[in-house]
Amino acid sequence: MAENEWLTKDFYKVLGVSKDADDSTITKAYRKLARKYHPDLNKTKEAEEKFKDVSEAYDVLKDKQTRQRYDAIRQFGAGGARFAGGSGGAGFDSAGFSDIFSSMFGATDMPGGGANTRVRFSTNGGPDLGNLFSMFGSAGSQSSGFQGDSGFANQYSQYSQPESAPTPKNGDDITTSITLTFKQAFKGATVSLRSAGKTFKTRIPAGVRDGQKIRLAGKGKSGQFGGSSGDMYLNVHVIPSERFSLRENDLLTKLPLTVSEAVHGAKVTLQNIDGELVKFTVPAGSSSGDEVCVQNAGVPGKNGKFVGIVEIHVPKRSTMSIKHAAKEFDKACGDSYSQAVDNLRQ
């Protein structure tokens with residue numbers, strides 16, 4: 001988003017936080033709203049627009065320098081200064097003001113600015129503009145005045161442009177965030193991003209983790225005078241799954257078994273992340289916590305495994321016959337079985 005749009009955007013209100021909220025509060029608010037309005041979880045048109053607004057707000061407020069610049073511009077525009085187009089001796093070249101504004105706040109966009117446009121300023125208790133004009137050098141004979149509401153006037157001269165060719169300047173890096181569902185993070189996804197006023201698509205690799213940072217070369221701010229563009233850094237947020245988790249390149253899930261299946265061994269099926277059935281071969285004598293693996297069913301293209309973690313289930317309400325059978329089972333297993341279990345408890 002261009003900074004000249006910040007005057008009309010209240011990012012604190014979008015995230016539902018106060019203007020003095022700390023970084024942790026801002027991040028928590030963003031993640032809560034991102035989960036609520038993410039297009040993969042909320043299919044309404046309204047949710048899509050709100051997700052864009054929430055992402056824009058977080059991109060600005062999460063970075064300390066960008067947030068300071070946003071606050072300064074909002075204060076400057078809200079009550080500090082007024083701009084009016086005009087002509088004659090009371091004018092001021094907005095191109096020069098844009099340079100000053102950029103040096104103060106790091107901004108590159110000037111609302112309503114253009115070549116040969118002349119503007120006047122008046123102050124109402126906002127930032128002191130008096131020091132702005134001390135940055136101009138004396139070159140040329142034509143000067144014009146700066147008129148404030150208090151009636152004082154400061155004189156300044158237009159500064160001359162250097163005769164030598166400008167030095168190439170590389171563009172700044174930018175940092176933004178992206179929120180993915182667990183499935184998108186596991187399989188990879190193509191997403192749309194925006195930089196320097198342009199929208200582009202990029203591929204998020206399979207197997208990204210929550211908190212991971214991805215570098216997109218040349219997708220930052222444009223360079224000047226032939227300088228290279230900066231890079232874009234994506235901070236990845238992944239919405240957790242209730243059924244699955246990642247361990248390196250392996251996809252993990254629970255593998256529920258009956259006592260009989262654990263004792264005898266069995267072939268059981270589980271749904272993978274796409275809802276497809278995958279067959280697991282459970283060896284006889286499996287215990288809770290054991291892992292049963294299916295090869296080449298983990299993170300795509302990375303030789304990962306689909307891992308089922310054994311969970312042996314027993315009835316919550318047992319009849320007398322079930323209790324009797326359980327005691328008989330313990331007897332049949334012998335003392336070595338009871339001793340092995342005792343050792344695990346120590």
# chains A, B, ... in the order shown; residues from 1 in each chain; ligands from 1
>>> residues_around(residues="His237 of chain A", least_positions_apart="4", cutoff="12 Å", atoms="only C-alpha atoms", output="list in words")
Thr27, Lys28, Tyr30, Arg31, Lys32, Ala34, Arg35, His38, Ser55, Thr176, Ser177, Ile178, Thr179, Leu180, Thr181, Phe182, Gln184, Ala185, Val208, Arg209, Asp210, Gly211, Gln212, Lys213 and Ile214 of chain A
>>> write_last_selection(atoms="N, CA and C atoms", output="compact mmCIF listing (two decimals), in the first residue's frame")
# COMPACT_ATOMS: atom_id res chain seq x y z
N THR A 27 0.17 -8.86 17.32
CA THR A 27 0.31 -10.16 16.67
C THR A 27 -0.84 -11.09 17.04
N LYS A 28 -1.23 -11.10 18.32
CA LYS A 28 -2.35 -11.96 18.75
C LYS A 28 -3.64 -11.55 18.06
N TYR A 30 -3.94 -10.03 15.18
CA TYR A 30 -3.86 -10.39 13.76
C TYR A 30 -4.15 -11.88 13.55
N ARG A 31 -3.53 -12.73 14.35
CA ARG A 31 -3.71 -14.17 14.16
C ARG A 31 -5.17 -14.59 14.40
N LYS A 32 -5.80 -13.96 15.38
CA LYS A 32 -7.20 -14.27 15.65
C LYS A 32 -8.09 -13.90 14.46
N ALA A 34 -7.03 -13.35 11.33
CA ALA A 34 -6.63 -14.09 10.14
C ALA A 34 -7.29 -15.46 10.11
N ARG A 35 -7.39 -16.10 11.27
CA ARG A 35 -8.06 -17.39 11.34
C ARG A 35 -9.55 -17.25 11.01
N HIS A 38 -9.70 -15.98 6.97
CA HIS A 38 -8.86 -16.59 5.91
C HIS A 38 -9.75 -17.18 4.82
N SER A 55 -4.54 -8.01 6.87
CA SER A 55 -3.16 -8.26 6.46
C SER A 55 -2.41 -6.94 6.22
N THR A 176 6.80 -8.68 5.13
CA THR A 176 5.36 -8.82 5.24
C THR A 176 5.04 -10.21 5.79
N SER A 177 3.78 -10.50 6.02
CA SER A 177 3.37 -11.78 6.61
C SER A 177 2.36 -12.47 5.73
N ILE A 178 2.33 -13.79 5.86
CA ILE A 178 1.35 -14.58 5.12
C ILE A 178 0.84 -15.68 6.05
N THR A 179 -0.47 -15.92 6.03
CA THR A 179 -1.07 -16.95 6.86
C THR A 179 -1.55 -18.10 5.97
N LEU A 180 -1.14 -19.32 6.31
CA LEU A 180 -1.47 -20.51 5.53
C LEU A 180 -2.24 -21.50 6.40
N THR A 181 -3.11 -22.28 5.77
CA THR A 181 -3.69 -23.43 6.47
C THR A 181 -2.61 -24.50 6.59
N PHE A 182 -2.84 -25.47 7.45
CA PHE A 182 -1.86 -26.55 7.61
C PHE A 182 -1.67 -27.30 6.29
N GLN A 184 -2.02 -26.13 3.21
CA GLN A 184 -1.22 -25.32 2.30
C GLN A 184 0.26 -25.40 2.66
N ALA A 185 0.55 -25.34 3.94
CA ALA A 185 1.95 -25.41 4.38
C ALA A 185 2.55 -26.77 4.07
N VAL A 208 6.66 -25.87 4.65
CA VAL A 208 7.07 -24.69 5.42
C VAL A 208 6.51 -24.79 6.83
N ARG A 209 7.20 -24.15 7.79
CA ARG A 209 6.80 -24.22 9.19
C ARG A 209 6.30 -22.87 9.69
N ASP A 210 5.53 -22.89 10.75
CA ASP A 210 5.10 -21.66 11.39
C ASP A 210 6.32 -20.92 11.91
N GLY A 211 6.40 -19.63 11.63
CA GLY A 211 7.53 -18.83 12.06
C GLY A 211 8.69 -18.79 11.07
N GLN A 212 8.62 -19.57 10.01
CA GLN A 212 9.69 -19.58 9.01
C GLN A 212 9.66 -18.30 8.19
N LYS A 213 10.83 -17.84 7.74
CA LYS A 213 10.93 -16.64 6.92
C LYS A 213 11.40 -17.04 5.52
N ILE A 214 10.71 -16.54 4.50
CA ILE A 214 11.03 -16.85 3.11
C ILE A 214 11.49 -15.57 2.41
>>> residues_around(residues="Pro205 of chain A", least_positions_apart="3", cutoff="9 Å", atoms="only C-alpha atoms", output="list in words")
Ala185, Phe186, Lys187, Gly188, Ala189, Thr190 and Val208 of chain A
>>> residues_around(residues="Arg243 of chain A", least_positions_apart="2", cutoff="12 Å", atoms="only C-alpha atoms", output="number ranges by chain")
A: 182-183, 240-241, 245-246, 251-255, 270-273, 275, 308-309
>>> write_last_selection(atoms="N, CA and C atoms", output="PDB file, in the first residue's frame")
ATOM      1  N   PHE A 182      -2.838 -25.469   7.453  1.00  0.00           N
ATOM      2  CA  PHE A 182      -1.860 -26.550   7.610  1.00  0.00           C
ATOM      3  C   PHE A 182      -1.672 -27.298   6.289  1.00  0.00           C
ATOM      4  N   LYS A 183      -2.755 -27.515   5.559  1.00  0.00           N
ATOM      5  CA  LYS A 183      -2.671 -28.231   4.294  1.00  0.00           C
ATOM      6  C   LYS A 183      -1.829 -27.459   3.282  1.00  0.00           C
ATOM      7  N   PRO A 240      -2.704 -24.248  12.924  1.00  0.00           N
ATOM      8  CA  PRO A 240      -2.516 -25.654  13.308  1.00  0.00           C
ATOM      9  C   PRO A 240      -3.681 -26.539  12.877  1.00  0.00           C
ATOM     10  N   SER A 241      -3.370 -27.833  12.662  1.00  0.00           N
ATOM     11  CA  SER A 241      -4.391 -28.829  12.349  1.00  0.00           C
ATOM     12  C   SER A 241      -4.737 -29.607  13.619  1.00  0.00           C
ATOM     13  N   SER A 245       0.318 -33.222  12.331  1.00  0.00           N
ATOM     14  CA  SER A 245       1.456 -32.374  12.682  1.00  0.00           C
ATOM     15  C   SER A 245       2.634 -32.785  11.812  1.00  0.00           C
ATOM     16  N   LEU A 246       3.667 -31.949  11.799  1.00  0.00           N
ATOM     17  CA  LEU A 246       4.866 -32.226  11.006  1.00  0.00           C
ATOM     18  C   LEU A 246       6.055 -32.497  11.909  1.00  0.00           C
ATOM     19  N   LEU A 251       4.649 -36.657   8.056  1.00  0.00           N
ATOM     20  CA  LEU A 251       3.298 -36.270   8.468  1.00  0.00           C
ATOM     21  C   LEU A 251       2.861 -37.219   9.573  1.00  0.00           C
ATOM     22  N   LEU A 252       2.524 -36.668  10.746  1.00  0.00           N
ATOM     23  CA  LEU A 252       2.181 -37.483  11.910  1.00  0.00           C
ATOM     24  C   LEU A 252       0.695 -37.385  12.217  1.00  0.00           C
ATOM     25  N   THR A 253       0.118 -38.519  12.656  1.00  0.00           N
ATOM     26  CA  THR A 253      -1.269 -38.543  13.117  1.00  0.00           C
ATOM     27  C   THR A 253      -1.438 -39.706  14.079  1.00  0.00           C
ATOM     28  N   LYS A 254      -2.561 -39.724  14.790  1.00  0.00           N
ATOM     29  CA  LYS A 254      -2.834 -40.817  15.724  1.00  0.00           C
ATOM     30  C   LYS A 254      -3.371 -42.039  14.972  1.00  0.00           C
ATOM     31  N   LEU A 255      -2.991 -43.241  15.481  1.00  0.00           N
ATOM     32  CA  LEU A 255      -3.449 -44.498  14.879  1.00  0.00           C
ATOM     33  C   LEU A 255      -4.173 -45.314  15.957  1.00  0.00           C
ATOM     34  N   LEU A 270      -6.181 -45.278   7.361  1.00  0.00           N
ATOM     35  CA  LEU A 270      -6.364 -43.927   7.874  1.00  0.00           C
ATOM     36  C   LEU A 270      -6.496 -42.975   6.701  1.00  0.00           C
ATOM     37  N   GLN A 271      -7.226 -41.882   6.895  1.00  0.00           N
ATOM     38  CA  GLN A 271      -7.306 -40.845   5.867  1.00  0.00           C
ATOM     39  C   GLN A 271      -6.088 -39.931   5.964  1.00  0.00           C
ATOM     40  N   ASN A 272      -5.500 -39.620   4.811  1.00  0.00           N
ATOM     41  CA  ASN A 272      -4.403 -38.652   4.807  1.00  0.00           C
ATOM     42  C   ASN A 272      -4.965 -37.244   4.726  1.00  0.00           C
ATOM     43  N   ILE A 273      -4.115 -36.257   4.510  1.00  0.00           N
ATOM     44  CA  ILE A 273      -4.543 -34.852   4.550  1.00  0.00           C
ATOM     45  C   ILE A 273      -5.488 -34.497   3.397  1.00  0.00           C
ATOM     46  N   GLY A 275      -7.823 -36.645   2.440  1.00  0.00           N
ATOM     47  CA  GLY A 275      -9.009 -37.481   2.622  1.00  0.00           C
ATOM     48  C   GLY A 275      -8.906 -38.832   1.949  1.00  0.00           C
ATOM     49  N   GLY A 308       1.806 -43.193  11.689  1.00  0.00           N
ATOM     50  CA  GLY A 308       0.699 -43.397  12.613  1.00  0.00           C
ATOM     51  C   GLY A 308       1.227 -43.737  13.990  1.00  0.00           C
ATOM     52  N   ILE A 309       0.847 -42.968  14.992  1.00  0.00           N
ATOM     53  CA  ILE A 309       1.302 -43.206  16.367  1.00  0.00           C
ATOM     54  C   ILE A 309       0.226 -44.012  17.087  1.00  0.00           C
TER      55      ILE A 309
END
>>> closest_residue(among="A:Ser286, A:Val259, A:Asn42, A:Arg215", to="Arg203 of chain A", atoms="only C-alpha atoms")
A:Arg215
>>> residues_around(residues="segment 12-24 of chain A", least_positions_apart="2", cutoff="8 Å", atoms="only C-alpha atoms", output="JSON, numbers by chain")
{"A": [10, 26, 27, 28, 29, 30, 33, 53, 54, 57, 58, 62]}
>>> atom_distance(atom1="atom CA of Ile174 of chain A", atom2="atom CA of Gln65 of chain A")
11.3 Å
>>> atom_distance(atom1="atom CA of Ala165 of chain A", atom2="atom CA of Lys219 of chain A")
26.1 Å
>>> residues_around(residues="Asp172 of chain A", least_positions_apart="5", cutoff="10 Å", atoms="only C-alpha atoms", output="list in words")
Gly218, Lys219, Gly220, Lys221, Ser222, Gly223, Ser228, Ser229, Gly230, Asp231 and Met232 of chain A
>>> residues_around(residues="Thr202 of chain A", least_positions_apart="4", cutoff="8 Å", atoms="only C-alpha atoms", output="VMD selection string")
chain A and resid 190 to 193
>>> write_last_selection(atoms="C-alpha atoms", output="JSON list (two decimals), in the first residue's frame")
[["chain", "number", "residue", "atom", "x", "y", "z"],
["A", 190, "THR", "CA", 0.61, -20.53, -4.98],
["A", 191, "VAL", "CA", -0.28, -17.19, -3.37],
["A", 192, "SER", "CA", -0.82, -13.62, -4.58],
["A", 193, "LEU", "CA", 1.28, -10.85, -3.03]]
>>> closest_residue(among="A:Asp250, A:Thr258, A:Gln346, A:Thr25", to="Ser288 of chain A", atoms="only C-alpha atoms")
A:Thr258
>>> select_by_dssp(residues="segment 255-298 of chain A", states="strand (DSSP E)", output="number ranges by chain")
A: 255-257, 266-271, 277-282, 291-294
>>> write_last_selection(atoms="N, CA, C and O atoms", output="tab-separated table (two decimals), in the first residue's frame")
chain	number	residue	atom	x	y	z
A	255	LEU	N	-2.99	-43.24	15.48
A	255	LEU	CA	-3.45	-44.50	14.88
A	255	LEU	C	-4.17	-45.31	15.96
A	255	LEU	O	-3.55	-46.09	16.69
A	256	PRO	N	-5.50	-45.13	16.09
A	256	PRO	CA	-6.25	-45.84	17.14
A	256	PRO	C	-6.36	-47.34	16.82
A	256	PRO	O	-6.64	-47.73	15.68
A	257	LEU	N	-6.15	-48.20	17.85
A	257	LEU	CA	-6.25	-49.66	17.70
A	257	LEU	C	-7.06	-50.25	18.84
A	257	LEU	O	-7.07	-49.71	19.96
A	266	ALA	N	-2.53	-56.12	12.62
A	266	ALA	CA	-3.68	-55.87	11.76
A	266	ALA	C	-3.31	-54.96	10.61
A	266	ALA	O	-2.25	-54.32	10.62
A	267	LYS	N	-4.16	-54.94	9.62
A	267	LYS	CA	-4.06	-53.96	8.54
A	267	LYS	C	-5.22	-52.97	8.71
A	267	LYS	O	-6.39	-53.36	8.65
A	268	VAL	N	-4.88	-51.73	8.95
A	268	VAL	CA	-5.91	-50.70	9.18
A	268	VAL	C	-5.68	-49.54	8.22
A	268	VAL	O	-4.55	-49.34	7.71
A	269	THR	N	-6.72	-48.77	7.97
A	269	THR	CA	-6.61	-47.63	7.06
A	269	THR	C	-6.87	-46.33	7.80
A	269	THR	O	-7.68	-46.27	8.74
A	270	LEU	N	-6.18	-45.28	7.36
A	270	LEU	CA	-6.36	-43.93	7.87
A	270	LEU	C	-6.50	-42.97	6.70
A	270	LEU	O	-5.91	-43.20	5.64
A	271	GLN	N	-7.23	-41.88	6.89
A	271	GLN	CA	-7.31	-40.84	5.87
A	271	GLN	C	-6.09	-39.93	5.96
A	271	GLN	O	-5.69	-39.53	7.06
A	277	LEU	N	-7.60	-42.75	1.58
A	277	LEU	CA	-7.32	-43.84	2.52
A	277	LEU	C	-5.92	-44.40	2.30
A	277	LEU	O	-5.53	-44.71	1.17
A	278	VAL	N	-5.17	-44.52	3.38
A	278	VAL	CA	-3.82	-45.06	3.35
A	278	VAL	C	-3.78	-46.27	4.27
A	278	VAL	O	-4.25	-46.20	5.42
A	279	LYS	N	-3.23	-47.40	3.78
A	279	LYS	CA	-3.23	-48.64	4.57
A	279	LYS	C	-1.95	-48.76	5.40
A	279	LYS	O	-0.84	-48.59	4.89
A	280	PHE	N	-2.14	-49.04	6.69
A	280	PHE	CA	-1.03	-49.26	7.62
A	280	PHE	C	-0.99	-50.74	8.02
A	280	PHE	O	-2.04	-51.34	8.31
A	281	THR	N	0.19	-51.32	8.04
A	281	THR	CA	0.37	-52.70	8.51
A	281	THR	C	0.91	-52.65	9.93
A	281	THR	O	2.07	-52.29	10.16
A	282	VAL	N	0.07	-53.00	10.89
A	282	VAL	CA	0.43	-52.93	12.30
A	282	VAL	C	1.03	-54.27	12.72
A	282	VAL	O	0.37	-55.31	12.60
A	291	GLU	N	5.32	-46.38	16.57
A	291	GLU	CA	5.06	-45.72	15.30
A	291	GLU	C	5.01	-46.71	14.15
A	291	GLU	O	5.89	-47.58	14.03
A	292	VAL	N	3.98	-46.58	13.34
A	292	VAL	CA	3.83	-47.40	12.15
A	292	VAL	C	3.90	-46.47	10.95
A	292	VAL	O	3.17	-45.47	10.90
A	293	CYS	N	4.77	-46.77	10.00
A	293	CYS	CA	5.07	-45.82	8.92
A	293	CYS	C	4.65	-46.34	7.55
A	293	CYS	O	4.72	-47.54	7.27
A	294	VAL	N	4.24	-45.40	6.70
A	294	VAL	CA	4.04	-45.66	5.28
A	294	VAL	C	5.01	-44.76	4.54
A	294	VAL	O	4.98	-43.53	4.67
>>> closest_residue(among="A:Ala196, A:Phe244, A:Leu216, A:Phe329", to="Ser260 of chain A", atoms="only C-alpha atoms")
A:Phe329
